[in-house]
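**Student:** Can you read through this structure? Questions will come right after.
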Amino acid sequence: MRLTVLGGGGFRVPLVYGAVLADRSERRVTHVVLYDTDEARLHAIGHVLAAQAERHTSGGPARPAPEVTMTTDLDEALEGADFVFSAIRVGGLEGRTADERVALELGLLGQETTGAGGIAYGLRTIPVAVDIAERVKRLAPDAWVINFTNPAGMVTQAMQRVLGNRVVGICDSALGVAKRAAAALGHDLGGAEIDYAGLNHLGWLQALRIEGRDVLPDLLADPARLGSTEEGHLFGTDWLQTLGVLPNEYLYYYYFTRDAIAAIGGGGQTRGEFLVGQQANFYAAVADSPSGAWTTWDRVKRERNATYMQENRAEDEPRSEEDMKSGGYEGVALALMAAIARDESATLILNVANAGTLPGLPVDAVVEVPCRVTAAGPRPLPVSALRGAELGLTLQVKAVEELTIRAALDGDPRTAVEAFALHPLVDSVTVARQLLDGYRARIPLLDKIFRRN
């Protein structure tokens with residue numbers, strides 16, 4: 001099988017390649033094509049993957065490592081692909097820092113996928129993602145697209161306009177909630193029924209059934225075990241018991257908005273600014289010493305994982321070892337490919353068209369829910385209906401996502417202002433206009449969206 005990775009020079013590509021290396025099936029990925037607009041980054045990641053392949057084959061009998069080729073030609077990368085893994089960052093990390101800073105300068109949350117920053121990121125990314133979808137339709141019409149590009153929900157929904165259900169969005173944060181809940185009670189997720197529903201980065205674990213019994217109430221009733229989880233650290237046990245569900249970690253930005261703004265704004269540098277420096281040092285180090293590419297990458301990965309959402313934890317409160325293990329999305333991607341290519345049925349939490357799964361949302365709205373995946377693709381499983389507060393927030397954010405898609409594709413600044421203004425983390429139409437003006441001034445790619453008509 002041929003796997004094309006868009007954003008192939010990205011730092012996390014070795015996670016995907018590592019999952020592919022570990023696959024021992026007869027029908028597996030045999031050729032990986034890395035595409036990126038930055039040739040220097042491509043070659044740096046190529047050195048890391050070469051070291052991975054060497055480590056893989058030096059450990060004894062093993063299947064040959066997949067062939068890796070690199071290109072800066074998008075059409076060449078897509079032609080003949082069986083699967084396309086999209087993890088692009090339009091505007092780079094510099095765009096991310098603008099997403100964060102423009103909002104913070106107006107007293108709003110500065111985060112790359114949530115709130116104003118997520119809208120700005122979506123506005124400049126959606127036209128590029130739709131162009132990719134149109135190229136896939138022309139050059140690899142039978143391919144499945146696995147989208148990890150953020151904001152994952154709205155980007156997946158925009159691409160589905162071209163490719164339908166052959167575009168599937170993935171994220172590891174939803175599955176992480178269920179894993180941690182089960183582990184706190186001494187269970188694993190094998191055979192568990194996960195009742196999780198919402199949007200990408202905005203969902204809730206409503207029940208966790210082990211052998212038919214919902215064990216989530218057991219966890220919520222046990223402050224010690226509940227407090228040992230990442231959610232317990234982040235939200236506090238009292239608030240989780242008040243909610244009666246376990247929220248996705250990104251809901252911290254909605255439940256503790258002022259706290260998050262104060263922590264991010266007072267931290268000296270945003271997450272994006274931290275990553276700009278870290279990633280520049282990484283790519284420079286690999287260029288200077290290609291032979292040490294794997295060691296350098298592994299060290300930087302650990303540092304990156306350890307500092308994830310650090311601003312929302314006390315200085316003496318590190319992330320748990322279990323939570324710092326490699327992202328998890330690469331495992332979701334491999335399981336999704338295996339289920340489709342080999343008809344190995346799997347249950348995964350994915351971003352797919354609603355199709356009536358969550359009442360109140362449009363049928364074509366992309367939602368994040370458990371799915372049964374077979375050779376025919378993902379099929380949403382029944383979940384509990386969202387309650388009043390959760391449903392209301394979901395409906396409002398989905399309306400904003402759909403306005404953002406329309407504004408990006410139509411190049412309409414009035415629709416973009418409407419999207420900003422209606423987001424629950426933006427408190428003023430005046431501020432919404434200031435946000436759009438600020439982002440247009442700071443991010444040329446975003447400004448171009450509204451100058452093309």
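Ordering of the structure tokens sets the chain letters (A, B, ...); residue numbers start at 1 within each chain; ligands are numbered from 1 in the order shown.
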Show which residues sit within 12 Å of region 287-297 of chain A, as a VMD selection string. Count only C-alpha atoms, and ignore same-chain residues fewer than 3 positions away.

**Tutor:** chain A and resid 10 to 15 18 39 to 55 278 to 284 300 to 304

**Student:** Output C-alpha atoms of each residue in that selection to a file, as a PDB file, in the first residue's frame.

**Tutor:**
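That gives us part-v8.pdb:
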ATOM      1  CA  GLY A  10       6.558  17.916  10.254  1.00  0.00           C
ATOM      2  CA  PHE A  11       8.064  17.012  13.598  1.00  0.00           C
ATOM      3  CA  ARG A  12       5.536  14.287  14.421  1.00  0.00           C
ATOM      4  CA  VAL A  13       5.880  12.331  11.157  1.00  0.00           C
ATOM      5  CA  PRO A  14       8.237   9.778  12.824  1.00  0.00           C
ATOM      6  CA  LEU A  15       5.332   8.765  15.077  1.00  0.00           C
ATOM      7  CA  GLY A  18       6.952   4.147  13.695  1.00  0.00           C
ATOM      8  CA  GLU A  39      12.694  20.834   1.361  1.00  0.00           C
ATOM      9  CA  ALA A  40      15.109  21.342   4.266  1.00  0.00           C
ATOM     10  CA  ARG A  41      12.534  20.089   6.773  1.00  0.00           C
ATOM     11  CA  LEU A  42      11.783  17.116   4.539  1.00  0.00           C
ATOM     12  CA  HIS A  43      15.404  16.050   4.500  1.00  0.00           C
ATOM     13  CA  ALA A  44      15.732  16.452   8.271  1.00  0.00           C
ATOM     14  CA  ILE A  45      12.749  14.168   8.896  1.00  0.00           C
ATOM     15  CA  GLY A  46      14.120  11.823   6.241  1.00  0.00           C
ATOM     16  CA  HIS A  47      17.232  11.383   8.395  1.00  0.00           C
ATOM     17  CA  VAL A  48      15.069  10.550  11.425  1.00  0.00           C
ATOM     18  CA  LEU A  49      13.060   7.982   9.451  1.00  0.00           C
ATOM     19  CA  ALA A  50      16.222   6.384   8.067  1.00  0.00           C
ATOM     20  CA  ALA A  51      17.487   5.930  11.631  1.00  0.00           C
ATOM     21  CA  GLN A  52      14.113   4.465  12.615  1.00  0.00           C
ATOM     22  CA  ALA A  53      14.265   1.977   9.773  1.00  0.00           C
ATOM     23  CA  GLU A  54      17.796   0.961  10.740  1.00  0.00           C
ATOM     24  CA  ARG A  55      16.762   0.414  14.355  1.00  0.00           C
ATOM     25  CA  GLN A 278      12.265  24.532  19.824  1.00  0.00           C
ATOM     26  CA  GLN A 279      11.571  23.433  16.254  1.00  0.00           C
ATOM     27  CA  ALA A 280      14.117  25.826  14.733  1.00  0.00           C
ATOM     28  CA  ASN A 281      16.765  24.381  17.047  1.00  0.00           C
ATOM     29  CA  PHE A 282      15.725  20.820  16.197  1.00  0.00           C
ATOM     30  CA  TYR A 283      15.930  21.207  12.418  1.00  0.00           C
ATOM     31  CA  ALA A 284      19.223  23.095  12.699  1.00  0.00           C
ATOM     32  CA  VAL A 300      12.902  17.045  21.699  1.00  0.00           C
ATOM     33  CA  LYS A 301       9.757  14.891  21.531  1.00  0.00           C
ATOM     34  CA  ARG A 302       9.951  14.151  25.257  1.00  0.00           C
ATOM     35  CA  GLU A 303      10.413  17.826  26.064  1.00  0.00           C
ATOM     36  CA  ARG A 304       7.505  18.759  23.806  1.00  0.00           C
TER      37      ARG A 304
END

**Student:** Taking the chain letters and numbering used in this document, name the residues of region 85-317 of chain A that DSSP puts in strand (DSSP E), as a ChimeraX atom specification.

**Tutor:** /A:85-86,144-147,167-169,193-199,202-210,213-214,246-247

**Student:** Which residues, written as a short mmCIF file (atom, residue, chain, number, x, y, z; two decimals) with C-alpha atoms, in the first residue's frame, have at least one atom at most 8 Å from Leu425 (chain A), with only C-alpha atoms counted and residues fewer than 2 positions away on the same chain left out?

**Tutor:**
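Heads up, here's the output in result02.cif:
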data_model
loop_
_atom_site.label_atom_id
_atom_site.label_comp_id
_atom_site.auth_asym_id
_atom_site.auth_seq_id
_atom_site.Cartn_x
_atom_site.Cartn_y
_atom_site.Cartn_z
CA LEU A 108 -9.26 36.98 24.65
CA LEU A 109 -8.06 33.39 24.78
CA GLY A 115 -11.85 30.36 20.03
CA ALA A 116 -10.59 33.19 17.86
CA TYR A 254 -14.55 27.19 28.16
CA THR A 257 -11.65 30.97 30.45
CA HIS A 423 -18.16 32.29 19.16
CA ASP A 427 -17.72 38.83 23.69
#

**Student:** Identify, on the basis of only C-alpha atoms, every residue whose closest approach to Gly438 (chain A) does not exceed 12 Å; exclude the query and any residue fewer than 6 positions from it along the same chain; express the result as a list in words.

**Tutor:** Ala98, Asp99, Glu100, Arg101, Val102, Ala103, Leu104, Glu105, Leu106, Ala116, Gly117, Ala120, Val417, Val431, Ala432, Pro444, Leu446 and Asp447 of chain A

**Student:** With a distance cut-off of 10 Å and only C-alpha atoms, select the neighbouring residues of region 175-190 of chain A, excluding the residue or stretch itself and same-chain residues fewer than 5 positions from it, and output the selection as JSON, numbers by chain.

**Tutor:** {"A": [195, 196, 203, 204, 205, 206, 207, 208, 209, 210, 215, 216, 218, 219, 220, 222, 224, 225, 226, 227, 228, 229, 230, 231, 246, 247, 248, 249, 322, 323, 327, 328, 329, 332, 348, 349, 350, 370]}

**Student:** Please produce a file of the residues just selected, as a compact mmCIF listing (two decimals), in the first residue's frame, where the atoms kept are N, CA and C atoms.

**Tutor:**
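out24.txt was written with the following content:
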# COMPACT_ATOMS: atom_id res chain seq x y z
N ASP A 195 -19.04 5.80 25.49
CA ASP A 195 -20.14 6.71 25.14
C ASP A 195 -19.58 8.14 25.20
N TYR A 196 -19.06 8.58 24.07
CA TYR A 196 -18.42 9.89 23.97
C TYR A 196 -19.07 10.64 22.81
N GLY A 203 -15.89 17.75 23.46
CA GLY A 203 -16.73 16.58 23.65
C GLY A 203 -16.66 16.08 25.08
N TRP A 204 -17.55 15.14 25.40
CA TRP A 204 -17.69 14.65 26.77
C TRP A 204 -17.81 13.13 26.79
N LEU A 205 -17.11 12.49 27.74
CA LEU A 205 -17.31 11.08 28.01
C LEU A 205 -18.51 10.98 28.94
N GLN A 206 -19.60 10.40 28.42
CA GLN A 206 -20.86 10.38 29.16
C GLN A 206 -21.09 9.06 29.89
N ALA A 207 -20.44 8.00 29.42
CA ALA A 207 -20.53 6.70 30.07
C ALA A 207 -19.38 5.84 29.58
N LEU A 208 -18.98 4.89 30.40
CA LEU A 208 -17.94 3.93 30.05
C LEU A 208 -18.40 2.57 30.56
N ARG A 209 -18.85 1.72 29.62
CA ARG A 209 -19.45 0.45 30.01
C ARG A 209 -18.45 -0.68 29.88
N ILE A 210 -18.22 -1.36 30.99
CA ILE A 210 -17.36 -2.53 31.04
C ILE A 210 -18.26 -3.73 31.32
N VAL A 215 -19.20 2.20 34.41
CA VAL A 215 -18.31 2.37 35.55
C VAL A 215 -17.92 3.82 35.78
N LEU A 216 -18.37 4.72 34.91
CA LEU A 216 -18.01 6.12 35.10
C LEU A 216 -18.52 6.69 36.42
N ASP A 218 -18.67 5.21 39.18
CA ASP A 218 -17.73 4.75 40.22
C ASP A 218 -16.54 5.71 40.31
N LEU A 219 -16.05 6.12 39.16
CA LEU A 219 -14.90 7.04 39.15
C LEU A 219 -15.29 8.41 39.70
N LEU A 220 -16.43 8.90 39.29
CA LEU A 220 -16.87 10.23 39.74
C LEU A 220 -17.15 10.26 41.24
N ASP A 222 -15.38 8.66 43.45
CA ASP A 222 -14.15 8.37 44.17
C ASP A 222 -13.15 9.51 43.97
N ALA A 224 -10.32 10.33 45.19
CA ALA A 224 -8.90 9.99 45.10
C ALA A 224 -8.55 9.50 43.70
N ARG A 225 -9.32 8.56 43.20
CA ARG A 225 -9.05 8.04 41.86
C ARG A 225 -9.31 9.11 40.79
N LEU A 226 -10.39 9.83 40.95
CA LEU A 226 -10.72 10.89 39.99
C LEU A 226 -9.62 11.95 39.96
N GLY A 227 -9.13 12.29 41.13
CA GLY A 227 -8.08 13.30 41.22
C GLY A 227 -6.75 12.86 40.67
N SER A 228 -6.56 11.56 40.50
CA SER A 228 -5.30 11.05 39.96
C SER A 228 -5.23 11.16 38.44
N THR A 229 -6.36 11.44 37.80
CA THR A 229 -6.39 11.52 36.34
C THR A 229 -5.96 12.91 35.87
N GLU A 230 -5.59 13.00 34.61
CA GLU A 230 -5.25 14.31 34.02
C GLU A 230 -6.45 15.25 34.10
N GLU A 231 -7.65 14.72 33.90
CA GLU A 231 -8.86 15.54 33.99
C GLU A 231 -9.07 16.05 35.41
N LEU A 246 -17.02 13.40 31.99
CA LEU A 246 -15.62 13.79 31.87
C LEU A 246 -15.44 14.58 30.57
N PRO A 247 -15.05 15.85 30.66
CA PRO A 247 -14.89 16.66 29.46
C PRO A 247 -13.53 16.46 28.80
N ASN A 248 -13.50 16.65 27.50
CA ASN A 248 -12.24 16.72 26.76
C ASN A 248 -11.40 17.84 27.36
N GLU A 249 -10.08 17.66 27.39
CA GLU A 249 -9.20 18.63 28.04
C GLU A 249 -9.34 20.04 27.48
N GLU A 322 2.43 8.13 31.95
CA GLU A 322 1.52 7.50 31.00
C GLU A 322 0.99 8.51 30.00
N ASP A 323 0.67 9.70 30.49
CA ASP A 323 0.10 10.72 29.62
C ASP A 323 1.13 11.33 28.69
N GLY A 327 1.90 10.61 21.26
CA GLY A 327 0.56 11.12 21.07
C GLY A 327 -0.59 10.15 21.03
N GLY A 328 -0.51 9.07 20.28
CA GLY A 328 -1.63 8.15 20.19
C GLY A 328 -2.36 8.27 18.87
N TYR A 329 -2.31 9.46 18.23
CA TYR A 329 -3.03 9.61 16.98
C TYR A 329 -2.47 8.71 15.89
N VAL A 332 -4.25 5.50 16.12
CA VAL A 332 -5.60 5.63 15.55
C VAL A 332 -5.52 5.57 14.03
N LEU A 348 -13.31 3.05 16.90
CA LEU A 348 -12.46 4.21 17.10
C LEU A 348 -13.31 5.45 17.26
N ILE A 349 -12.80 6.43 17.98
CA ILE A 349 -13.48 7.72 18.07
C ILE A 349 -12.95 8.58 16.94
N LEU A 350 -13.83 8.99 16.02
CA LEU A 350 -13.43 9.67 14.79
C LEU A 350 -14.29 10.89 14.52
N PRO A 370 -17.79 7.68 18.67
CA PRO A 370 -17.29 6.32 18.39
C PRO A 370 -17.86 5.79 17.08

**Student:** Using only C-alpha atoms, which of A:Ala133, A:Met337, A:Leu93, A:Met159 sits nearest Gly272 (chain A)?

**Tutor:** A:Leu93

**Student:** Interatomic distance between CA of Glu330 (chain A) and CA of Phe85 (chain A)?

**Tutor:**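 Interatomic distance, CA of Glu330 (chain A) to CA of Phe85 (chain A): 10.2 Å.
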
**Student:** Find the residues near Gly411 (chain A): any atom within 6 Å, counting only C-alpha atoms, skip ones fewer than 3 places away on the same chain, and give them as a ChimeraX atom specification.

**Tutor:** /A:407-408,449-450

**Student:** From a DSSP calculation on the backbone, collect every residue of region 20-141 of chain A in alpha helix (DSSP H) and output the set as a ChimeraX atom specification.

**Tutor:** /A:20-22,39-58,74-78,92-105,116-139

**Student:** Considering only C-alpha atoms, state which residue in the set A:Asp172, A:Asp437, A:Glu401, A:Asp75 is at the smallest distance from Pro413 (chain A).

**Tutor:**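 Looking only at the distances to Pro413 (chain A), the closest residue turns out to be A:Asp437.
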
**Student:** Can you list, as an mmCIF file with C-alpha atoms, in the first residue's frame, every protein, DNA or RNA residue that comes within 7 Å of Phe83 (chain A) when you count only C-alpha atoms, leaving out same-chain residues fewer than 4 positions away?

**Tutor:**
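The result, stored in part_20.cif:
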data_model
loop_
_atom_site.group_PDB
_atom_site.id
_atom_site.type_symbol
_atom_site.label_atom_id
_atom_site.label_comp_id
_atom_site.auth_asym_id
_atom_site.auth_seq_id
_atom_site.Cartn_x
_atom_site.Cartn_y
_atom_site.Cartn_z
ATOM 1 C CA ARG A 2 1.104 3.536 -0.721
ATOM 2 C CA LEU A 3 0.725 6.123 2.066
ATOM 3 C CA THR A 4 1.218 9.793 1.264
ATOM 4 C CA ALA A 143 -7.831 6.937 -1.798
ATOM 5 C CA TRP A 144 -9.004 7.534 1.752
ATOM 6 C CA VAL A 145 -7.943 10.803 3.369
#

**Student:** Go ahead and compute the interatomic distance for CA of His31 (chain A) and CA of Pro66 (chain A), in Å to one decimal.

**Tutor:**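 A separation of 5.0 Å between them.
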
**Student:** Which is closer to Ile340 (chain A) than all the others in A:Asn150, A:Thr430, A:Ser58, A:Thr374, using only C-alpha atoms?

**Tutor:**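 With only C-alpha atoms as the atom set, the closest residue is A:Thr374.
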